[in-house]
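Enquirer: There's a structure below that I have some questions on.
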Amino acid sequence: MSEINLNVVTQRFILGCWRLSEWSYSTQDLNKYIQQVIELGINNFDHADIYGDYSCEELFGNALKLTPSLRQKIKLTSKCGIKLQSSKFPQHTQHIYDTSFQHIITATERSLTNLQTDYLDLLLIHRPDPLMDAAEIALAFNQLKKTGQVLNFGVSNFTPEQFELLQSYLDYPLQTNQIEASVLCHENFINGNFDHLQMKRIIPQIWSPLAGGRIFTDTNELSSQRVQASLIKLARHYAVTPDLIALAWLLKLPSQPQIILGSGKLNRVVHAIQSININLSRDDWFELWVSFLGHDIA
Amino acid sequence: MSEINLNVVTQRFILGCWRLSEWSYSTQDLNKYIQQVIELGINNFDHADIYGDYSCEELFGNALKLTPSLRQKIKLTSKCGIKLQSSKFPQHTQHIYDTSFQHIITATERSLTNLQTDYLDLLLIHRPDPLMDAAEIALAFNQLKKTGQVLNFGVSNFTPEQFELLQSYLDYPLQTNQIEASVLCHENFINGNFDHLQMKRIIPQIWSPLAGGRIFTDTNELSSQRVQASLIKLARHYAVTPDLIALAWLLKLPSQPQIILGSGKLNRVVHAIQSININLSRDDWFELWVSFLGHDIA
Amino acid sequence: MSEINLNVVTQRFILGCWRLSEWSYSTQDLNKYIQQVIELGINNFDHADIYGDYSCEELFGNALKLTPSLRQKIKLTSKCGIKLQSSKFPQHTQHIYDTSFQHIITATERSLTNLQTDYLDLLLIHRPDPLMDAAEIALAFNQLKKTGQVLNFGVSNFTPEQFELLQSYLDYPLQTNQIEASVLCHENFINGNFDHLQMKRIIPQIWSPLAGGRIFTDTNELSSQRVQASLIKLARHYAVTPDLIALAWLLKLPSQPQIILGSGKLNRVVHAIQSININLSRDDWFELWVSFLGHDIA
């Protein structure tokens with residue numbers, strides 16, 4: 001295993017806490033895990049109010065509280081704008097988006113309480129809401145910024161048009177658009193998001209970089225089968241595992257995206273960050289691109 | 001029936017004269033109808049040169065002439081840019097778009113003559129024309145503005161790209177993009193038009209807000225069936241009729257669209273404007289959204 | 001045959017050297033052909049490094065060398081950014097895009113050598129590359145501009161989003177987007193490219209204006225059959241051949257595109273440029289538009 005540059009790890013990886021509630025850590029063990037992850041160079045932790053049926057932020061906050069000095073060593077991202085049906089919120093009779101002023105403020109303050117912190121480094125609108133009033137979101141952001149409860153803002157899963165809509169109501173730049181991408185998900189190549197973010201000099205954050213595991217398990221789609229075969233072939237060539245090839249494929253993108261790793265197992269994270277040492281050739285990058293397409297490029 | 005705020009009616013509704021020739025009013029009765037609609041708060045009348053096989057504007061103009069003082073109480077919108085085959089225009093051998101300087105001037109002057117007025121409050125390009133020369137349209141607009149024949153300009157059924165193209169040749173802002181939307185027509189949510197108009201702080205005008213009646217009659221599409229069931233359920237809950245729910249759904253959009261009502265029956269208009277008093281909850285708005293989609297939101 | 005305006009020919013046509021290697025000219029004959037084409041008014045010759053398995057530029061350069069004074073009478077366009085598998089480049093193990101600094105510089109210098117010229121009038125990025133780093137392309141362009149090796153820059157087959165991305169890294173305007181269009185290819189009407197280029201006051205260049213011959217030969221597609229029937233009907237009406245109607249259809253576009261003619265036969269080029277004298281009526285333009293669509297316009 002070659003030397004890992006901590007600064008590059010810090011720059012390129014985020015720990016996703018999406019499934020934190022399934023990691024089955026005691027508060028003490030989660031605290032230890034967070035510290036181990038930080039030692040690897042990852043200091044950015046990605047949350048959303050709704051993760052784990054609204055439970056992950058509280059679990060994380062409890063673990064953080066055990067070592068108060070940790071807070072200043074890390075960055076905390078949260079998201080709001082979705083309401084899920086949950087036994088914790090009997091008033092949520094339906095799965096909806098809510099980007100109203102009141103919901104943004106309420107959800108963010110709840111995130112702060114649950115995370116046991118005074119501020120978020122980054123708050124994202126979780127999904128584009130057909131009812132989103134950009135002026136109203138801006139009011140909520142401005143208030144959260146003024147009180148110091150949130151330092152920076154961004155969006156997730158927005159189109160370029162939606163990004164520009166919200167940006168047009170803000171006096172400060174949105175920091176990111178957290179979008180899905182992987183060797184099996186080209187959507188944000190096609191819809192212009194990667195082009196738009198590179199144009200805006202904005203670093204994308206990428207969720208589901210391994211397509212939620214489908215790069216290994218999906219045998220229904222011919223495109224998945226082709227990509228799997230290519231990953232295995234390239235893994236052999238680079239003398240690594242196929243998942244590292246899939247991560248290196250994203251790391252090579254010119255917009256320099258940050259990749260969200262959603263694992264609760266230290267050895268998996270230790271493994272995943274090896275991908276920064278793989279310099280995938282253009283040939284190999286395009287082999288994966290073409291494997292998914294199922295036809296040659298023009 | 002609760003109190004109706006006249007100012008809100010004025011702000012949110014337009015009377016569409018698309019089918020005026022089918023209303024079978026005498027000139028006298030149409031004059032009376034116009035006055036009754038104005039008393040309800042609606043002062044904006046939407047025309048196009050082609051409506052009713054090029055007949056509606058003349059019928060409206062004749063009715064207007066009976067009470068000359070009416071003109072200053074109302075706003076008149078017309079549209080040009082389409083040529084229909086018609087016994088009135090034997091030279092139209094084909095259904096085409098024509099956004100040439102000459103056609104815009106000729107059609108607008110004919111609209112003014114037919115409407116028996118000196119000016120239009122708003123002139124829209126009816127459809128995006130693959131042959132549209134934005135510089136040439138701008139010349140026509142500028143001339144019509146200079147002569148006072150048209151006060152303001154806009155477009156209809158344009159994409160954001162087409163809107164920006166024409167805008168880039170004008171020294172004054174386009175006032176609207178008149179687009180189709182309803183619980184059964186999400187097209188302008190998907191193509192970025194609603195986002196774009198909200199970004200530009202431009203009020204959309206919405207045509208076919210009840211999908212041309214299909215929200216009641218279309219039983220072929222599963223999506224229509226699901227939406228109908230939701231409309232009926234919500235109508236019961238809000239103690240109104242389903243069409244009012246469909247209108248309230250549009251009124252809730254953050255871009256604050258104006259809705260075009262195409263009825264020639266006063267009681268129907270009196271009924272429709274009740275929708276401004278329905279404050280559809282987000283839950284109910286999303287129930288209709290999801291009913292049309294046929295799957296849950298992400 | 002009516003009088004041909006040389007200036008209009010110069011303005012509207014480009015000679016495409018895509019298939020130059022199949023023309024089977026001796027160097028002497030190619031030199032003669034180039035001079036004959038120039039006499040027709042066409043002074044713009046379109047190349048790419050890869051044309052003819054990397055052979056066309058060299059053949060052209062050899063012909064150019066016979067009459068050195070020709071260079072200043074013509075404009076030379078080349079393109080880079082694609083790597084093809086070729087016996088000439090055994091290191092190309094795969095068909096990929098490469099828009100790296102090094103490849104742009106290397107490919108352009110090779111084009112200059114092969115074309116036996118000191119400079120290109122225009123260099124285009126051949127295809128949008130999912131790995132394109134606009135900052136890196138800008139560095140390459142800036143160097144090529146500074147050394148005088150390339151006077152102007154543009155792109156080919158880019159979306160509006162991709163065009164704006166690259167433009168945002170340059171201090172000088174991109175000169176064109178070379179895109180496909182014909183009576184059988186409406187793609188760039190739909191994706192916003194023609195609107196975008198008209199907005200930017202940029203002249204598109206059009207490749208495959210006769211759909212690579214498919215306007216005559218494709219009998220599989222109903223849309224092609226309908227368009228063929230319309231072309232034949234209109235050709236009879238205008239007393240010309242169907243291909244001229246297809247060219248006149250493009251020449252009528254308001255963005256004033258330049259059309260790339262890919263023929264090595266002088267009589268075909270002499271014939272094609274007659275299209276500038278056909279003023280296709282709007283009716284006839286829309287007949288072809290609707291023939292392809294298969295349904296009336298809205």
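Residues in the structure tokens are named by chain (A, B, ... in the order shown) and by number from 1 within that chain; ligands are numbered from 1 in the order shown.
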Based on only C-alpha atoms, which of the residues in chain C come within 12 Å of chain B? I want them as a count of residues only.
Expert: 41
Enquirer: Could you go through stretch 71-284 of chain B and tell me which residues DSSP, when run on the backbone, assigns to helix (DSSP H, G or I), listing them as JSON, numbers by chain?
Expert: {"B": [71, 72, 73, 101, 102, 103, 104, 105, 106, 107, 108, 109, 110, 111, 112, 113, 114, 115, 134, 135, 136, 137, 138, 139, 140, 141, 142, 143, 144, 145, 146, 160, 161, 162, 163, 164, 165, 166, 167, 187, 188, 189, 190, 193, 194, 195, 196, 197, 198, 199, 211, 212, 213, 214, 215, 216, 217, 222, 223, 224, 225, 226, 227, 228, 229, 230, 231, 232, 233, 234, 235, 236, 237, 238, 242, 243, 244, 245, 246, 247, 248, 249, 250, 251, 266, 267, 268, 269, 270, 271, 272, 273, 274, 275, 276, 277, 282, 283, 284]}
Enquirer: Create the file for the chosen residues now, containing C-alpha atoms and written as an mmCIF file, in the first residue's frame.
Expert:
```
data_model
loop_
_atom_site.group_PDB
_atom_site.id
_atom_site.type_symbol
_atom_site.label_atom_id
_atom_site.label_comp_id
_atom_site.auth_asym_id
_atom_site.auth_seq_id
_atom_site.Cartn_x
_atom_site.Cartn_y
_atom_site.Cartn_z
ATOM 1 C CA ARG B 71 -61.025 50.665 -22.754
ATOM 2 C CA GLN B 72 -59.198 52.557 -20.041
ATOM 3 C CA LYS B 73 -60.531 50.207 -17.394
ATOM 4 C CA PHE B 101 -41.040 42.258 -39.073
ATOM 5 C CA GLN B 102 -43.753 42.661 -41.672
ATOM 6 C CA HIS B 103 -46.058 40.037 -40.232
ATOM 7 C CA ILE B 104 -45.705 41.304 -36.653
ATOM 8 C CA ILE B 105 -46.574 44.847 -37.759
ATOM 9 C CA THR B 106 -49.418 43.777 -40.044
ATOM 10 C CA ALA B 107 -50.950 41.356 -37.572
ATOM 11 C CA THR B 108 -50.736 43.820 -34.689
ATOM 12 C CA GLU B 109 -52.311 46.623 -36.697
ATOM 13 C CA ARG B 110 -55.090 44.260 -37.686
ATOM 14 C CA SER B 111 -55.576 43.335 -34.021
ATOM 15 C CA LEU B 112 -55.808 47.026 -33.132
ATOM 16 C CA THR B 113 -58.385 47.573 -35.868
ATOM 17 C CA ASN B 114 -60.413 44.541 -34.861
ATOM 18 C CA LEU B 115 -60.270 45.372 -31.166
ATOM 19 C CA ALA B 134 -34.574 38.049 -32.724
ATOM 20 C CA ALA B 135 -33.081 41.216 -34.202
ATOM 21 C CA GLU B 136 -35.993 41.474 -36.613
ATOM 22 C CA ILE B 137 -38.572 40.891 -33.884
ATOM 23 C CA ALA B 138 -36.843 43.585 -31.825
ATOM 24 C CA LEU B 139 -37.158 46.034 -34.738
ATOM 25 C CA ALA B 140 -40.891 45.336 -34.939
ATOM 26 C CA PHE B 141 -41.340 45.643 -31.173
ATOM 27 C CA ASN B 142 -39.379 48.892 -31.094
ATOM 28 C CA GLN B 143 -41.519 50.391 -33.828
ATOM 29 C CA LEU B 144 -44.767 49.328 -32.145
ATOM 30 C CA LYS B 145 -43.512 50.752 -28.861
ATOM 31 C CA LYS B 146 -42.420 54.025 -30.416
ATOM 32 C CA PRO B 160 -35.663 29.744 -21.148
ATOM 33 C CA GLU B 161 -33.062 29.715 -23.955
ATOM 34 C CA GLN B 162 -35.520 31.277 -26.434
ATOM 35 C CA PHE B 163 -36.662 33.823 -23.864
ATOM 36 C CA GLU B 164 -33.070 34.930 -23.267
ATOM 37 C CA LEU B 165 -32.390 35.068 -26.998
ATOM 38 C CA LEU B 166 -35.177 37.560 -27.631
ATOM 39 C CA GLN B 167 -34.492 39.467 -24.412
ATOM 40 C CA GLU B 187 -43.926 20.190 -18.708
ATOM 41 C CA ASN B 188 -42.899 23.676 -17.627
ATOM 42 C CA PHE B 189 -41.757 22.419 -14.252
ATOM 43 C CA ILE B 190 -39.421 19.978 -15.996
ATOM 44 C CA ASN B 193 -39.400 27.560 -17.314
ATOM 45 C CA PHE B 194 -40.883 28.076 -13.849
ATOM 46 C CA ASP B 195 -37.386 28.219 -12.313
ATOM 47 C CA HIS B 196 -36.218 30.610 -14.998
ATOM 48 C CA LEU B 197 -39.182 32.957 -14.629
ATOM 49 C CA GLN B 198 -38.863 33.036 -10.851
ATOM 50 C CA MET B 199 -35.166 33.859 -11.294
ATOM 51 C CA ALA B 211 -56.022 21.018 -18.928
ATOM 52 C CA GLY B 212 -58.803 22.023 -21.307
ATOM 53 C CA GLY B 213 -61.313 20.114 -19.220
ATOM 54 C CA ARG B 214 -59.283 16.906 -19.267
ATOM 55 C CA ILE B 215 -58.985 16.953 -15.487
ATOM 56 C CA PHE B 216 -62.637 15.847 -15.496
ATOM 57 C CA THR B 217 -63.010 13.876 -18.686
ATOM 58 C CA LEU B 222 -53.828 6.301 -15.428
ATOM 59 C CA SER B 223 -52.202 9.551 -14.321
ATOM 60 C CA SER B 224 -55.447 11.408 -15.050
ATOM 61 C CA GLN B 225 -57.468 8.854 -13.130
ATOM 62 C CA ARG B 226 -55.216 9.172 -10.106
ATOM 63 C CA VAL B 227 -55.310 12.974 -10.221
ATOM 64 C CA GLN B 228 -59.103 12.946 -10.546
ATOM 65 C CA ALA B 229 -59.430 10.755 -7.458
ATOM 66 C CA SER B 230 -57.160 13.090 -5.502
ATOM 67 C CA LEU B 231 -59.035 16.188 -6.685
ATOM 68 C CA ILE B 232 -62.345 14.671 -5.583
ATOM 69 C CA LYS B 233 -60.946 13.658 -2.198
ATOM 70 C CA LEU B 234 -59.412 17.082 -1.575
ATOM 71 C CA ALA B 235 -62.519 18.868 -2.822
ATOM 72 C CA ARG B 236 -64.517 17.041 -0.174
ATOM 73 C CA HIS B 237 -61.959 17.978 2.464
ATOM 74 C CA TYR B 238 -61.941 21.687 1.550
ATOM 75 C CA PRO B 242 -62.557 19.745 -7.696
ATOM 76 C CA ASP B 243 -61.860 22.459 -10.281
ATOM 77 C CA LEU B 244 -61.199 24.958 -7.491
ATOM 78 C CA ILE B 245 -58.631 22.595 -6.009
ATOM 79 C CA ALA B 246 -56.915 22.402 -9.420
ATOM 80 C CA LEU B 247 -56.809 26.210 -9.617
ATOM 81 C CA ALA B 248 -55.637 26.601 -6.007
ATOM 82 C CA TRP B 249 -52.814 24.175 -6.866
ATOM 83 C CA LEU B 250 -51.538 26.638 -9.494
ATOM 84 C CA LEU B 251 -52.138 29.714 -7.332
ATOM 85 C CA LEU B 266 -70.361 34.569 -15.603
ATOM 86 C CA ASN B 267 -71.345 32.008 -12.969
ATOM 87 C CA ARG B 268 -68.335 29.900 -13.939
ATOM 88 C CA VAL B 269 -65.983 32.843 -13.536
ATOM 89 C CA VAL B 270 -67.632 33.830 -10.242
ATOM 90 C CA HIS B 271 -67.073 30.259 -9.162
ATOM 91 C CA ALA B 272 -63.480 29.933 -10.377
ATOM 92 C CA ILE B 273 -62.176 33.005 -8.568
ATOM 93 C CA GLN B 274 -63.236 31.459 -5.244
ATOM 94 C CA SER B 275 -60.036 29.466 -5.600
ATOM 95 C CA ILE B 276 -58.029 32.399 -4.222
ATOM 96 C CA ASN B 277 -59.574 31.693 -0.826
ATOM 97 C CA ARG B 282 -48.181 21.566 1.177
ATOM 98 C CA ASP B 283 -49.316 18.032 1.957
ATOM 99 C CA ASP B 284 -52.270 18.391 -0.382
#
```
Enquirer: Set the distance at 8 Å and use only C-alpha atoms: which residues neighbour A:Glu180 once local chain neighbours fewer than 3 positions away are removed? I'd like the list as an mmCIF file with C-alpha atoms, in the first residue's frame.
Expert:
```cif
data_model
loop_
_atom_site.group_PDB
_atom_site.id
_atom_site.type_symbol
_atom_site.label_atom_id
_atom_site.label_comp_id
_atom_site.auth_asym_id
_atom_site.auth_seq_id
_atom_site.Cartn_x
_atom_site.Cartn_y
_atom_site.Cartn_z
ATOM 1 C CA ASN A 157 -29.790 17.438 -6.594
ATOM 2 C CA CYS A 185 -24.981 7.026 -13.029
ATOM 3 C CA GLU A 187 -27.263 11.704 -15.251
ATOM 4 C CA ASN A 188 -25.340 14.760 -14.080
ATOM 5 C CA ILE A 206 -20.872 13.236 -5.050
ATOM 6 C CA TRP A 207 -23.245 10.840 -3.373
ATOM 7 C CA SER A 208 -23.582 7.132 -4.144
ATOM 8 C CA PRO A 209 -20.113 6.993 -5.743
#
```
Enquirer: Using only C-alpha atoms, which residues sit within 7 Å of stretch 22-32 of chain A once same-chain residues fewer than 4 positions away are excluded, as a ChimeraX atom specification?
Expert: /A:36,62-64,264
Enquirer: I'd like the neighbourhood of A:Thr10 as a list in words, where a residue qualifies if any of its atoms comes within 7 Å (using only C-alpha atoms), though same-chain residues fewer than 5 positions away should be ignored.
Expert: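 Residues meeting the cut-off are Gly41, Ile42 and Asn43 of chain A.
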Enquirer: If I take atom CA of C:Tyr33 and atom CA of C:Leu15, how far is one from the other in Å, to one decimal?
Expert: 11.1 Å
Enquirer: Near B:Gly154, within 12 Å and counting only C-alpha atoms, which residues show up once chain neighbours fewer than 2 positions away are dropped, as a VMD selection string?
Expert: chain B and resid 77 to 80 120 to 128 137 to 138 141 150 to 152 156 to 158 162 to 164 166 to 167 170 172 to 179 202 to 205
Enquirer: Filtering to C-alpha atoms, could you give me those residues as a PDB file, in the first residue's frame?
Expert:
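Final file, again08.pdb:
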```
ATOM      1  CA  THR B  77     -53.204  41.337 -24.560  1.00  0.00           C
ATOM      2  CA  SER B  78     -52.841  39.986 -28.062  1.00  0.00           C
ATOM      3  CA  LYS B  79     -50.479  37.563 -29.757  1.00  0.00           C
ATOM      4  CA  CYS B  80     -49.091  37.160 -33.222  1.00  0.00           C
ATOM      5  CA  LEU B 120     -52.369  46.935 -26.814  1.00  0.00           C
ATOM      6  CA  ASP B 121     -51.177  46.681 -23.246  1.00  0.00           C
ATOM      7  CA  LEU B 122     -49.218  43.566 -24.080  1.00  0.00           C
ATOM      8  CA  LEU B 123     -48.176  41.799 -27.269  1.00  0.00           C
ATOM      9  CA  LEU B 124     -46.839  38.250 -27.155  1.00  0.00           C
ATOM     10  CA  ILE B 125     -45.034  36.148 -29.739  1.00  0.00           C
ATOM     11  CA  HIS B 126     -47.434  33.213 -29.803  1.00  0.00           C
ATOM     12  CA  ARG B 127     -45.027  30.325 -30.372  1.00  0.00           C
ATOM     13  CA  PRO B 128     -41.260  29.976 -30.684  1.00  0.00           C
ATOM     14  CA  ILE B 137     -38.572  40.891 -33.884  1.00  0.00           C
ATOM     15  CA  ALA B 138     -36.843  43.585 -31.825  1.00  0.00           C
ATOM     16  CA  PHE B 141     -41.340  45.643 -31.173  1.00  0.00           C
ATOM     17  CA  VAL B 150     -48.067  48.429 -27.948  1.00  0.00           C
ATOM     18  CA  LEU B 151     -47.015  49.270 -24.390  1.00  0.00           C
ATOM     19  CA  ASN B 152     -45.320  46.031 -23.349  1.00  0.00           C
ATOM     20  CA  SER B 156     -45.641  32.447 -25.085  1.00  0.00           C
ATOM     21  CA  ASN B 157     -44.516  28.810 -24.988  1.00  0.00           C
ATOM     22  CA  PHE B 158     -40.836  29.792 -25.158  1.00  0.00           C
ATOM     23  CA  GLN B 162     -35.520  31.277 -26.434  1.00  0.00           C
ATOM     24  CA  PHE B 163     -36.662  33.823 -23.864  1.00  0.00           C
ATOM     25  CA  GLU B 164     -33.070  34.930 -23.267  1.00  0.00           C
ATOM     26  CA  LEU B 166     -35.177  37.560 -27.631  1.00  0.00           C
ATOM     27  CA  GLN B 167     -34.492  39.467 -24.412  1.00  0.00           C
ATOM     28  CA  LEU B 170     -34.376  44.311 -26.390  1.00  0.00           C
ATOM     29  CA  TYR B 172     -36.739  46.702 -22.033  1.00  0.00           C
ATOM     30  CA  PRO B 173     -37.750  43.585 -20.123  1.00  0.00           C
ATOM     31  CA  LEU B 174     -40.123  41.028 -21.589  1.00  0.00           C
ATOM     32  CA  GLN B 175     -43.155  41.025 -19.309  1.00  0.00           C
ATOM     33  CA  THR B 176     -44.204  37.400 -19.293  1.00  0.00           C
ATOM     34  CA  ASN B 177     -43.966  33.932 -20.773  1.00  0.00           C
ATOM     35  CA  GLN B 178     -47.479  32.548 -21.216  1.00  0.00           C
ATOM     36  CA  ILE B 179     -47.150  28.809 -20.672  1.00  0.00           C
ATOM     37  CA  ILE B 202     -41.283  37.565 -14.079  1.00  0.00           C
ATOM     38  CA  ILE B 203     -44.887  36.568 -13.507  1.00  0.00           C
ATOM     39  CA  PRO B 204     -45.871  33.604 -15.726  1.00  0.00           C
ATOM     40  CA  GLN B 205     -49.296  33.518 -17.330  1.00  0.00           C
TER      41      GLN B 205
END
```
Enquirer: Would you list, as an MDAnalysis selection string, the residues of stretch 102-171 of chain C that end up in strand (DSSP E or B) under DSSP run on this structure's backbone?
Expert: chainID C and resid 120:125 150:156
Enquirer: Calculated over only C-alpha atoms, which of the candidates B:Leu40, B:Phe89, B:Gln116, B:Ala48 has the smallest distance to B:Lys65?
Expert: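 The shortest atom-to-atom distance to B:Lys65 comes from B:Gln116.
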